[in-house]
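Visitor: Structure file coords29.tsv (TSV, C-alpha atoms) right here:
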```tsv
chain	number	residue	atom	x	y	z
A	10	MET	CA	28.64	-1.93	-9.74
A	11	THR	CA	25.55	-1.67	-7.52
A	12	LYS	CA	23.06	-4.49	-7.77
A	13	ILE	CA	19.50	-3.62	-6.82
A	14	GLY	CA	16.98	-6.26	-5.84
A	15	PHE	CA	13.21	-6.19	-5.66
A	16	ILE	CA	11.07	-8.68	-3.75
A	17	GLY	CA	7.32	-8.62	-4.42
A	18	LEU	CA	5.79	-7.69	-7.78
A	19	GLY	CA	2.13	-7.30	-6.84
A	20	ILE	CA	-0.18	-4.33	-7.35
A	21	MET	CA	2.39	-1.93	-5.90
A	22	GLY	CA	5.71	-3.66	-6.45
A	23	GLU	CA	5.25	-4.14	-10.17
A	24	GLY	CA	4.80	-0.41	-10.73
A	25	MET	CA	7.70	0.46	-8.45
A	26	ALA	CA	10.05	-1.95	-10.24
A	27	ASN	CA	8.92	-0.52	-13.57
A	28	CYS	CA	9.90	2.95	-12.40
A	29	LEU	CA	13.38	1.78	-11.43
A	30	LEU	CA	13.78	0.33	-14.91
A	31	LYS	CA	12.25	3.31	-16.71
A	32	ASP	CA	14.66	5.74	-15.03
A	33	SER	CA	17.58	3.31	-15.47
A	34	VAL	CA	18.29	3.35	-11.74
A	35	ALA	CA	18.37	-0.40	-12.24
A	36	GLY	CA	18.25	-2.65	-15.27
A	37	THR	CA	21.53	-1.68	-16.91
A	38	PRO	CA	24.52	-4.01	-17.31
A	39	GLU	CA	26.26	-2.01	-14.55
A	40	THR	CA	23.24	-1.99	-12.23
A	41	PRO	CA	21.03	-5.00	-13.01
A	42	LEU	CA	17.62	-5.42	-11.39
A	43	ILE	CA	17.40	-8.73	-9.57
A	44	ILE	CA	13.85	-9.89	-8.79
A	45	TRP	CA	11.74	-12.53	-7.09
A	46	ASN	CA	8.01	-12.91	-6.57
A	47	ARG	CA	5.93	-15.61	-4.95
A	48	THR	CA	4.07	-16.03	-8.24
A	49	ALA	CA	6.93	-16.60	-10.65
A	50	THR	CA	4.98	-15.57	-13.77
A	51	LYS	CA	5.03	-11.95	-12.53
A	52	CYS	CA	8.82	-11.99	-12.85
A	53	ASP	CA	8.61	-13.39	-16.35
A	54	GLN	CA	6.09	-10.72	-17.34
A	55	LEU	CA	8.25	-7.90	-16.01
A	56	LYS	CA	11.30	-9.17	-17.86
A	57	ALA	CA	9.34	-9.66	-21.08
A	58	SER	CA	8.00	-6.11	-20.92
A	59	HIS	CA	11.56	-4.69	-20.74
A	60	PRO	CA	13.51	-6.67	-23.37
A	61	THR	CA	16.36	-4.14	-23.47
A	62	LYS	CA	16.91	-4.09	-19.71
A	63	THR	CA	19.21	-6.29	-17.66
A	64	ILE	CA	16.90	-8.20	-15.33
A	65	GLU	CA	17.81	-11.34	-13.42
A	66	ILE	CA	15.15	-13.62	-11.95
A	67	LYS	CA	16.06	-15.54	-8.80
A	68	SER	CA	14.40	-18.61	-7.33
A	69	SER	CA	14.03	-17.24	-3.78
A	70	ALA	CA	14.09	-14.10	-1.69
A	71	LYS	CA	17.31	-15.37	-0.12
A	72	ASP	CA	18.98	-15.52	-3.54
A	73	VAL	CA	17.97	-11.92	-4.27
A	74	VAL	CA	19.41	-10.64	-0.99
A	75	SER	CA	22.63	-12.62	-1.27
A	76	SER	CA	23.13	-11.33	-4.83
A	77	CYS	CA	22.44	-7.64	-4.19
A	78	ASP	CA	23.80	-4.58	-2.48
A	79	ILE	CA	20.38	-2.97	-1.93
A	80	VAL	CA	17.05	-4.81	-1.76
A	81	PHE	CA	13.57	-3.30	-1.80
A	82	SER	CA	10.72	-5.42	-0.52
A	83	MET	CA	7.02	-4.73	-1.12
A	84	LEU	CA	4.72	-7.49	0.08
A	85	SER	CA	0.98	-7.10	0.38
A	86	THR	CA	0.09	-8.27	3.89
A	87	PRO	CA	1.74	-8.86	7.27
A	88	GLU	CA	1.27	-12.58	6.72
A	89	ALA	CA	2.99	-12.52	3.34
A	90	SER	CA	5.77	-10.34	4.70
A	91	ALA	CA	6.45	-12.65	7.63
A	92	ALA	CA	6.33	-15.76	5.47
A	93	VAL	CA	8.89	-14.40	3.02
A	94	PHE	CA	11.14	-12.70	5.56
A	95	ASP	CA	11.25	-15.53	8.11
A	96	ASP	CA	11.64	-18.56	5.84
A	97	ALA	CA	14.75	-20.12	7.36
A	98	THR	CA	15.80	-21.76	4.10
A	99	ASN	CA	14.82	-19.36	1.35
A	100	GLY	CA	13.67	-16.16	3.06
A	101	THR	CA	14.93	-12.60	3.08
A	102	LEU	CA	16.68	-12.86	6.45
A	103	ALA	CA	18.44	-16.05	5.40
A	104	GLY	CA	20.31	-14.10	2.73
A	105	VAL	CA	21.38	-11.16	4.91
A	106	THR	CA	25.09	-10.56	5.48
A	107	SER	CA	27.10	-7.67	6.88
A	108	SER	CA	26.95	-5.93	3.48
A	109	SER	CA	23.18	-6.19	3.03
A	110	VAL	CA	20.81	-3.23	2.85
A	111	ILE	CA	17.11	-4.08	3.27
A	112	ILE	CA	14.44	-1.45	2.54
A	113	ASP	CA	10.96	-2.65	3.44
A	114	CYS	CA	8.09	-0.71	1.86
A	115	ALA	CA	5.14	-2.68	3.25
A	116	THR	CA	2.62	-1.37	5.76
A	117	LEU	CA	2.96	-3.56	8.84
A	118	ALA	CA	2.50	-3.31	12.56
A	119	GLU	CA	5.21	-1.28	14.23
A	120	SER	CA	6.34	-4.36	16.16
A	121	ASP	CA	6.87	-6.27	12.89
A	122	MET	CA	9.10	-3.55	11.48
A	123	LYS	CA	11.13	-3.39	14.69
A	124	ARG	CA	11.57	-7.16	14.73
A	125	MET	CA	12.79	-7.27	11.14
A	126	SER	CA	15.15	-4.37	11.73
A	127	ASP	CA	16.61	-6.01	14.82
A	128	GLN	CA	17.15	-9.29	12.98
A	129	VAL	CA	18.80	-7.65	9.99
A	130	THR	CA	21.12	-5.51	12.12
A	131	ALA	CA	21.96	-8.49	14.33
A	132	LYS	CA	23.52	-10.07	11.23
A	133	GLY	CA	25.44	-6.88	10.48
A	134	GLY	CA	23.10	-5.57	7.77
A	135	LYS	CA	21.38	-2.19	7.52
A	136	PHE	CA	17.61	-1.65	7.56
A	137	LEU	CA	15.31	1.15	6.43
A	138	GLU	CA	11.56	1.05	6.85
A	139	ALA	CA	9.93	2.90	3.98
A	140	PRO	CA	6.15	2.38	3.75
A	141	VAL	CA	4.53	4.37	0.98
A	142	SER	CA	1.54	6.65	0.70
A	143	GLY	CA	-0.13	5.99	-2.65
A	144	SER	CA	-1.84	3.20	-4.56
A	145	LYS	CA	-1.52	1.44	-7.92
A	146	GLY	CA	-1.64	4.57	-10.08
A	147	PRO	CA	1.02	6.53	-8.19
A	148	ALA	CA	3.18	3.39	-7.97
A	149	HIS	CA	3.18	3.03	-11.75
A	150	GLY	CA	3.62	6.76	-12.28
A	151	GLY	CA	6.50	7.27	-9.86
A	152	GLN	CA	4.36	9.45	-7.62
A	153	LEU	CA	4.54	7.61	-4.29
A	154	ILE	CA	5.40	9.32	-1.01
A	155	PHE	CA	8.01	7.42	1.00
A	156	LEU	CA	7.86	7.57	4.80
A	157	CYS	CA	11.21	6.42	6.13
A	158	ALA	CA	12.94	5.60	9.40
A	159	GLY	CA	15.97	3.58	10.42
A	160	SER	CA	19.49	3.81	9.08
A	161	GLN	CA	20.23	7.38	8.05
A	162	ALA	CA	23.25	6.15	6.12
A	163	VAL	CA	20.92	4.09	3.96
A	164	PHE	CA	18.43	6.93	3.51
A	165	ASP	CA	21.23	9.33	2.49
A	166	ASP	CA	22.92	6.87	0.12
A	167	ALA	CA	23.02	8.28	-3.42
A	168	THR	CA	21.73	5.09	-5.06
A	169	VAL	CA	18.90	4.79	-2.56
A	170	GLN	CA	17.95	8.42	-3.11
A	171	ALA	CA	17.96	7.89	-6.88
A	172	ALA	CA	15.68	4.88	-6.44
A	173	LEU	CA	13.30	6.76	-4.16
A	174	ASP	CA	13.23	9.65	-6.62
A	175	ALA	CA	12.40	7.28	-9.48
A	176	MET	CA	9.55	5.62	-7.58
A	177	GLY	CA	8.19	8.63	-5.70
A	178	LYS	CA	7.54	12.35	-5.69
A	179	ALA	CA	8.70	12.84	-2.08
A	180	SER	CA	10.63	11.08	0.67
A	181	HIS	CA	10.40	11.93	4.37
A	182	TYR	CA	12.82	10.78	7.05
A	183	PHE	CA	11.47	10.41	10.60
A	184	GLY	CA	14.74	9.50	12.32
A	185	GLU	CA	16.73	6.46	13.36
A	186	GLN	CA	13.95	4.90	15.43
A	187	VAL	CA	12.36	2.14	13.36
A	188	GLY	CA	8.59	2.22	13.77
A	189	LYS	CA	8.08	5.95	13.38
A	190	ALA	CA	7.56	5.69	9.63
A	191	THR	CA	4.95	3.00	10.20
A	192	ARG	CA	3.22	5.28	12.70
A	193	ALA	CA	3.12	8.04	10.08
A	194	LYS	CA	1.73	5.66	7.46
A	195	LEU	CA	-1.05	4.46	9.77
A	196	VAL	CA	-2.05	8.06	10.52
A	197	VAL	CA	-2.28	8.77	6.78
A	198	ASN	CA	-4.13	5.59	5.82
A	199	SER	CA	-6.60	5.70	8.70
A	200	LEU	CA	-7.48	9.27	7.73
A	201	MET	CA	-7.90	8.19	4.13
A	202	GLY	CA	-10.19	5.33	5.08
A	203	THR	CA	-12.27	7.55	7.34
A	204	MET	CA	-12.57	10.11	4.54
A	205	MET	CA	-13.73	7.39	2.14
A	206	ALA	CA	-16.36	6.10	4.56
A	207	ALA	CA	-17.71	9.63	5.13
A	208	PHE	CA	-17.60	10.35	1.40
A	209	GLY	CA	-19.52	7.16	0.68
A	210	GLU	CA	-22.20	8.04	3.22
A	211	SER	CA	-22.53	11.56	1.79
A	212	LEU	CA	-22.91	10.26	-1.76
A	213	ALA	CA	-25.46	7.69	-0.60
A	214	LEU	CA	-27.40	10.42	1.19
A	215	ALA	CA	-27.31	12.67	-1.87
A	216	GLU	CA	-28.67	9.90	-4.07
A	217	SER	CA	-31.32	8.97	-1.51
A	218	LEU	CA	-32.43	12.63	-1.41
A	219	ASP	CA	-32.95	12.51	-5.19
A	220	LEU	CA	-29.90	14.66	-5.90
A	221	ASP	CA	-27.82	13.98	-8.98
A	222	GLY	CA	-24.62	12.28	-7.83
A	223	SER	CA	-22.48	13.72	-10.63
A	224	LYS	CA	-23.73	17.22	-9.91
A	225	MET	CA	-22.89	16.77	-6.22
A	226	LEU	CA	-19.37	15.66	-7.14
A	227	GLU	CA	-19.01	18.89	-9.09
A	228	VAL	CA	-20.20	20.91	-6.10
A	229	ILE	CA	-17.79	19.08	-3.77
A	230	SER	CA	-14.90	19.70	-6.17
A	231	GLN	CA	-15.43	23.45	-6.05
A	232	GLY	CA	-15.29	24.00	-2.29
A	233	ALA	CA	-12.95	23.70	0.65
A	234	ILE	CA	-13.62	19.96	0.93
A	235	ALA	CA	-12.30	19.26	-2.58
A	236	SER	CA	-9.98	16.26	-2.61
A	237	PRO	CA	-8.04	14.44	-5.34
A	238	MET	CA	-9.37	11.18	-3.88
A	239	PHE	CA	-12.99	12.34	-4.16
A	240	ALA	CA	-12.41	13.52	-7.73
A	241	LEU	CA	-10.78	10.22	-8.72
A	242	LYS	CA	-13.04	7.78	-6.92
A	243	GLY	CA	-16.42	9.55	-7.00
A	244	PRO	CA	-17.39	9.02	-10.67
A	245	LYS	CA	-16.35	5.37	-10.48
A	246	MET	CA	-18.32	4.81	-7.27
A	247	LEU	CA	-21.49	6.11	-8.89
A	248	LYS	CA	-20.97	3.53	-11.67
A	249	LYS	CA	-20.18	0.68	-9.22
A	250	ASP	CA	-16.65	0.54	-10.67
A	251	HIS	CA	-14.35	-0.65	-7.89
A	252	ALA	CA	-11.47	-2.12	-9.88
A	253	PRO	CA	-8.74	-2.46	-7.25
A	254	ASN	CA	-6.01	0.12	-6.90
A	255	PHE	CA	-5.91	-0.19	-3.11
A	256	PRO	CA	-7.85	-3.32	-2.05
A	257	LEU	CA	-10.47	-2.87	0.65
A	258	CYS	CA	-8.98	-5.68	2.73
A	259	HIS	CA	-5.65	-3.82	2.84
A	260	ALA	CA	-7.35	-0.55	3.75
A	261	HIS	CA	-9.17	-2.25	6.60
A	262	LYS	CA	-5.94	-3.84	7.82
A	263	ASP	CA	-4.30	-0.43	8.06
A	264	MET	CA	-7.30	1.12	9.80
A	265	LYS	CA	-7.36	-1.67	12.38
A	266	LEU	CA	-3.64	-1.21	13.04
A	267	ALA	CA	-4.21	2.53	13.50
A	268	VAL	CA	-7.13	1.99	15.88
A	269	ASP	CA	-4.98	-0.39	17.92
A	270	ALA	CA	-2.15	2.17	17.94
A	271	ALA	CA	-4.54	4.86	19.18
A	272	LYS	CA	-5.68	2.59	22.00
A	273	SER	CA	-2.08	1.87	22.96
A	274	VAL	CA	-1.39	5.59	23.53
A	275	ARG	CA	-4.87	6.35	24.92
A	276	THR	CA	-5.87	8.74	22.13
A	277	GLU	CA	-9.50	9.50	21.31
A	278	TYR	CA	-10.11	7.91	17.92
A	279	SER	CA	-13.82	7.15	17.94
A	280	VAL	CA	-14.65	8.56	14.49
A	281	THR	CA	-12.00	6.41	12.85
A	282	GLN	CA	-13.04	3.45	14.97
A	283	VAL	CA	-16.59	3.65	13.60
A	284	ALA	CA	-15.21	3.87	10.05
A	285	GLU	CA	-12.99	0.85	10.74
A	286	VAL	CA	-16.06	-1.16	11.76
A	287	THR	CA	-17.79	-0.17	8.52
A	288	PHE	CA	-14.78	-1.39	6.53
A	289	ARG	CA	-14.63	-4.60	8.55
A	290	LYS	CA	-18.28	-5.34	7.85
A	291	ALA	CA	-17.72	-4.69	4.14
A	292	ARG	CA	-14.66	-6.94	4.14
A	293	GLU	CA	-16.54	-9.76	5.84
A	294	ASP	CA	-19.74	-9.49	3.77
A	295	GLU	CA	-19.92	-12.80	1.87
A	296	GLU	CA	-22.79	-11.57	-0.28
A	297	LEU	CA	-21.04	-8.42	-1.50
A	298	LYS	CA	-17.63	-10.06	-1.88
A	299	VAL	CA	-15.75	-6.75	-2.05
A	300	ALA	CA	-12.73	-7.57	0.13
A	301	ASN	CA	-10.43	-7.63	-2.88
A	302	GLU	CA	-12.13	-4.77	-4.70
A	303	ASP	CA	-10.95	-1.19	-4.34
A	304	PHE	CA	-11.47	0.35	-0.91
A	305	SER	CA	-14.09	2.60	-2.51
A	306	ALA	CA	-16.33	-0.49	-2.47
A	307	VAL	CA	-17.19	0.37	1.13
A	308	PHE	CA	-19.81	2.48	-0.71
A	309	GLU	CA	-21.62	-0.75	-1.64
A	310	LYS	CA	-21.83	-1.76	2.01
A	311	ILE	CA	-23.18	1.68	2.94
A	312	HIS	CA	-25.94	1.34	0.35
A	313	LYS	CA	-26.64	-2.25	1.41
A	314	GLU	CA	-27.16	-1.16	5.01
A	315	SER	CA	-29.34	1.81	3.96
A	316	LYS	CA	-33.12	1.46	3.85
A	317	SER	CA	-33.87	4.37	1.50
A	318	ASP	CA	-35.95	3.78	-1.60
A	319	TYR	CA	-32.95	4.67	-3.76
A	320	SER	CA	-30.67	2.18	-2.00
A	321	LYS	CA	-33.27	-0.56	-2.34
A	322	LYS	CA	-33.60	0.09	-6.06
A	323	ARG	CA	-29.80	0.31	-6.47
A	324	LYS	CA	-29.37	-3.15	-4.96
A	325	LEU	CA	-31.68	-4.57	-7.60
A	326	GLY	CA	-29.90	-2.78	-10.44
```
Just give me the structure as C-alpha cells.
Guide:
Amino acid sequence: MTKIGFIGLGIMGEGMANCLLKDSVAGTPETPLIIWNRTATKCDQLKASHPTKTIEIKSSAKDVVSSCDIVFSMLSTPEASAAVFDDATNGTLAGVTSSSVIIDCATLAESDMKRMSDQVTAKGGKFLEAPVSGSKGPAHGGQLIFLCAGSQAVFDDATVQAALDAMGKASHYFGEQVGKATRAKLVVNSLMGTMMAAFGESLALAESLDLDGSKMLEVISQGAIASPMFALKGPKMLKKDHAPNFPLCHAHKDMKLAVDAAKSVRTEYSVTQVAEVTFRKAREDEELKVANEDFSAVFEKIHKESKSDYSKKRKLG
C-alpha cells in the first residue's frame, strides 16, 4: 500500500490534489490521500467535496511526511515554503526518514531547492524538485507541465509517474542536479511575464489610438503572434476582470528571481528587467491594490501610468 501525501491546498495545490483523487492515484483504501494545509478549513473542504474517497487530515506537515511514502508539497511563496519545511517541531523536514520521498512543486530560488534537497538526503530521504508551468485552470484540469530534477529513481517510480500524469499533460526531467528544474521554470515564467507586460502595453496603445480592443484581439489571434495566453487573458483585461489564477505578486517574484539569475551568469536580460520593474511598481501600488489579483492586472498599472485621453477616461470609469 502506497500512501501519498499533499502539503499545501492553495490556488494550485487544491486543483492538483483534486486530480490525484479524480484519477484514483490517491484516495482509495489502498492508497489514501493524506493532507495538511496551513488553513485547516481547506482540508475540510477537500474532504467534504470527495465523500467517497479515503482522505486523512493531519495536524502538521511533519505528520503527513511521517505517515506517507511519497509527499507532494505546493506552497505559494518562498517564505511559506521555508516556514513549513524548516519548522523544527512540526515541519516537513522534521518528519523525514530514510524511507521518505519529498517532491516539491513550488517555484523558489535555486539555492532554496538545493538546501531542501541536501537536508532531505542528509536524513536518508529522496528529493525531487518539480516546479510546474501552469496556473489555476491547468492545475484543476490536470494540464500542468512538470519540470523536474533530482532523484531519477523518484522520477521513474511508477506511482510518481501516475501522479504526474494525473496532474499534468507533460513531465520533463533535467537530470540529477537539483536546481536545473528551477532554472527552467524561471526562464518560462520570466518570458510569460514579459509577454504579458508587452501585451498590456499593446492593448493600451490600441485603445488610446481609438481602435476597438476586441477587434485587435481578433487580429492578434490570426497571426504569427497568436498565443493561448493572449486569447485567454485579453477579453478579461478589456473588462478589468483580473480574478486571480496566477497572482501578480507571484509573477513578480518569479521575474525578480529570473533577473537575479541572469545577472549571476552575466546574461543580457534588459527587456525582461524593464518588465520586472513594471510588475514591481504594480505590486507596490497602494492605490491600485492589484498584488493579489491576476498577473494580467499589470494592464491597470500600464493604463495608470499612461497620459492618453483614453487612459484618463478609463481611470474614471
Visitor: How many Å separate CA of Asp121 in chain A from CA of Val197 in chain A?
Guide: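 It comes out at 18.6 Å.
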Visitor: Dig up all the protein and nucleic acid residues within 12 Å of (12.2, -8.0, 7.2) in the file frame, using only C-alpha atoms, and format them as JSON, numbers by chain.
Guide: {"A": [16, 70, 71, 74, 80, 81, 82, 83, 84, 87, 88, 89, 90, 91, 92, 93, 94, 95, 96, 100, 101, 102, 103, 104, 105, 109, 110, 111, 112, 113, 114, 115, 116, 117, 119, 120, 121, 122, 123, 124, 125, 126, 127, 128, 129, 130, 134, 135, 136, 137, 138, 139, 187]}
Visitor: Excluding same-chain residues fewer than 2 positions from Lys62 in chain A, what lies within 8 Å of it counting all atoms listed in the file, as a short mmCIF file (atom, residue, chain, number, x, y, z; two decimals) with C-alpha atoms, in the frame of the given file?
Guide:
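So selection-v1.cif came out as:
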```cif
data_model
loop_
_atom_site.label_atom_id
_atom_site.label_comp_id
_atom_site.auth_asym_id
_atom_site.auth_seq_id
_atom_site.Cartn_x
_atom_site.Cartn_y
_atom_site.Cartn_z
CA LEU A 30 13.78 0.33 -14.91
CA GLY A 36 18.25 -2.65 -15.27
CA THR A 37 21.53 -1.68 -16.91
CA PRO A 38 24.52 -4.01 -17.31
CA PRO A 41 21.03 -5.00 -13.01
CA LYS A 56 11.30 -9.17 -17.86
CA HIS A 59 11.56 -4.69 -20.74
CA PRO A 60 13.51 -6.67 -23.37
CA ILE A 64 16.90 -8.20 -15.33
#
```
Visitor: Have a look at A:Met25, A:Val163, A:Val307, A:Cys157 and name the one nearest to Glu210 in chain A; count all atoms listed in the file.
Guide: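 Once distances to Glu210 in chain A are computed over all atoms listed in the file, the minimum belongs to A:Val307.
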Visitor: Taking 5 positions as the minimum chain separation for residues in the same chain, which residues sit within 12 Å of Asp53 in chain A when counting only C-alpha atoms? Answer as a ChimeraX atom specification.
Guide: /A:18,23,44-48,58-60,64-68
Visitor: Quick one: pull the distance between CA of Leu218 in chain A and CA of Ala240 in chain A, Å, one decimal.
Guide: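 Computing it gives 21.0 Å between the two atoms.
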Visitor: Can you give me N, CA and C atoms for range 294-325 of chain A, written as an mmCIF file, in the coordinates of the input?
Guide:
```
data_model
loop_
_atom_site.group_PDB
_atom_site.id
_atom_site.type_symbol
_atom_site.label_atom_id
_atom_site.label_comp_id
_atom_site.auth_asym_id
_atom_site.auth_seq_id
_atom_site.Cartn_x
_atom_site.Cartn_y
_atom_site.Cartn_z
ATOM 1 N N ASP A 294 -18.435 -9.247 4.376
ATOM 2 C CA ASP A 294 -19.740 -9.490 3.770
ATOM 3 C C ASP A 294 -19.598 -10.505 2.621
ATOM 4 N N GLU A 295 -20.070 -11.727 2.852
ATOM 5 C CA GLU A 295 -19.920 -12.800 1.870
ATOM 6 C C GLU A 295 -20.847 -12.622 0.674
ATOM 7 N N GLU A 296 -21.886 -11.827 0.836
ATOM 8 C CA GLU A 296 -22.790 -11.570 -0.280
ATOM 9 C C GLU A 296 -22.206 -10.527 -1.233
ATOM 10 N N LEU A 297 -21.643 -9.459 -0.667
ATOM 11 C CA LEU A 297 -21.040 -8.420 -1.500
ATOM 12 C C LEU A 297 -19.737 -8.874 -2.152
ATOM 13 N N LYS A 298 -18.929 -9.586 -1.398
ATOM 14 C CA LYS A 298 -17.630 -10.060 -1.880
ATOM 15 C C LYS A 298 -16.764 -8.922 -2.437
ATOM 16 N N VAL A 299 -16.537 -7.918 -1.605
ATOM 17 C CA VAL A 299 -15.750 -6.750 -2.050
ATOM 18 C C VAL A 299 -14.394 -6.646 -1.367
ATOM 19 N N ALA A 300 -13.986 -7.666 -0.613
ATOM 20 C CA ALA A 300 -12.730 -7.570 0.130
ATOM 21 C C ALA A 300 -11.540 -7.274 -0.757
ATOM 22 N N ASN A 301 -11.549 -7.828 -1.973
ATOM 23 C CA ASN A 301 -10.430 -7.630 -2.880
ATOM 24 C C ASN A 301 -10.700 -6.576 -3.950
ATOM 25 N N GLU A 302 -11.846 -5.908 -3.844
ATOM 26 C CA GLU A 302 -12.130 -4.770 -4.700
ATOM 27 C C GLU A 302 -11.465 -3.524 -4.118
ATOM 28 N N ASP A 303 -11.523 -2.417 -4.839
ATOM 29 C CA ASP A 303 -10.950 -1.190 -4.340
ATOM 30 C C ASP A 303 -11.628 -0.777 -3.026
ATOM 31 N N PHE A 304 -10.899 -0.029 -2.197
ATOM 32 C CA PHE A 304 -11.470 0.350 -0.910
ATOM 33 C C PHE A 304 -12.685 1.258 -1.049
ATOM 34 N N SER A 305 -12.878 1.822 -2.241
ATOM 35 C CA SER A 305 -14.090 2.600 -2.510
ATOM 36 C C SER A 305 -15.340 1.738 -2.453
ATOM 37 N N ALA A 306 -15.186 0.416 -2.512
ATOM 38 C CA ALA A 306 -16.330 -0.490 -2.470
ATOM 39 C C ALA A 306 -17.025 -0.493 -1.116
ATOM 40 N N VAL A 307 -16.456 0.186 -0.128
ATOM 41 C CA VAL A 307 -17.190 0.370 1.130
ATOM 42 C C VAL A 307 -18.522 1.076 0.832
ATOM 43 N N PHE A 308 -18.582 1.817 -0.266
ATOM 44 C CA PHE A 308 -19.810 2.480 -0.710
ATOM 45 C C PHE A 308 -20.941 1.471 -0.920
ATOM 46 N N GLU A 309 -20.593 0.284 -1.411
ATOM 47 C CA GLU A 309 -21.620 -0.750 -1.640
ATOM 48 C C GLU A 309 -22.190 -1.252 -0.313
ATOM 49 N N LYS A 310 -21.358 -1.342 0.689
ATOM 50 C CA LYS A 310 -21.830 -1.760 2.010
ATOM 51 C C LYS A 310 -22.731 -0.689 2.619
ATOM 52 N N ILE A 311 -22.366 0.567 2.417
ATOM 53 C CA ILE A 311 -23.180 1.680 2.940
ATOM 54 C C ILE A 311 -24.574 1.628 2.310
ATOM 55 N N HIS A 312 -24.637 1.425 1.006
ATOM 56 C CA HIS A 312 -25.940 1.340 0.350
ATOM 57 C C HIS A 312 -26.704 0.085 0.797
ATOM 58 N N LYS A 313 -25.974 -1.002 0.995
ATOM 59 C CA LYS A 313 -26.640 -2.250 1.410
ATOM 60 C C LYS A 313 -27.297 -2.080 2.777
ATOM 61 N N GLU A 314 -26.635 -1.343 3.667
ATOM 62 C CA GLU A 314 -27.160 -1.160 5.010
ATOM 63 C C GLU A 314 -28.246 -0.074 5.059
ATOM 64 N N SER A 315 -28.335 0.729 4.000
ATOM 65 C CA SER A 315 -29.340 1.810 3.960
ATOM 66 C C SER A 315 -30.713 1.251 3.606
ATOM 67 N N LYS A 316 -31.746 1.911 4.103
ATOM 68 C CA LYS A 316 -33.120 1.460 3.850
ATOM 69 C C LYS A 316 -33.882 2.437 2.951
ATOM 70 N N SER A 317 -33.191 3.400 2.361
ATOM 71 C CA SER A 317 -33.870 4.370 1.500
ATOM 72 C C SER A 317 -34.404 3.693 0.255
ATOM 73 N N ASP A 318 -35.386 4.326 -0.364
ATOM 74 C CA ASP A 318 -35.950 3.780 -1.600
ATOM 75 C C ASP A 318 -34.878 3.681 -2.682
ATOM 76 N N TYR A 319 -34.001 4.689 -2.744
ATOM 77 C CA TYR A 319 -32.950 4.670 -3.760
ATOM 78 C C TYR A 319 -32.005 3.479 -3.543
ATOM 79 N N SER A 320 -31.601 3.282 -2.286
ATOM 80 C CA SER A 320 -30.670 2.180 -2.000
ATOM 81 C C SER A 320 -31.305 0.838 -2.326
ATOM 82 N N LYS A 321 -32.574 0.695 -2.030
ATOM 83 C CA LYS A 321 -33.270 -0.560 -2.340
ATOM 84 C C LYS A 321 -33.288 -0.812 -3.844
ATOM 85 N N LYS A 322 -33.578 0.231 -4.614
ATOM 86 C CA LYS A 322 -33.600 0.090 -6.060
ATOM 87 C C LYS A 322 -32.197 -0.179 -6.619
ATOM 88 N N ARG A 323 -31.181 0.471 -6.019
ATOM 89 C CA ARG A 323 -29.800 0.310 -6.470
ATOM 90 C C ARG A 323 -29.342 -1.131 -6.293
ATOM 91 N N LYS A 324 -29.759 -1.752 -5.224
ATOM 92 C CA LYS A 324 -29.370 -3.150 -4.960
ATOM 93 C C LYS A 324 -29.903 -4.068 -6.049
ATOM 94 N N LEU A 325 -31.055 -3.742 -6.594
ATOM 95 C CA LEU A 325 -31.680 -4.570 -7.600
ATOM 96 C C LEU A 325 -31.095 -4.321 -8.987
#
```
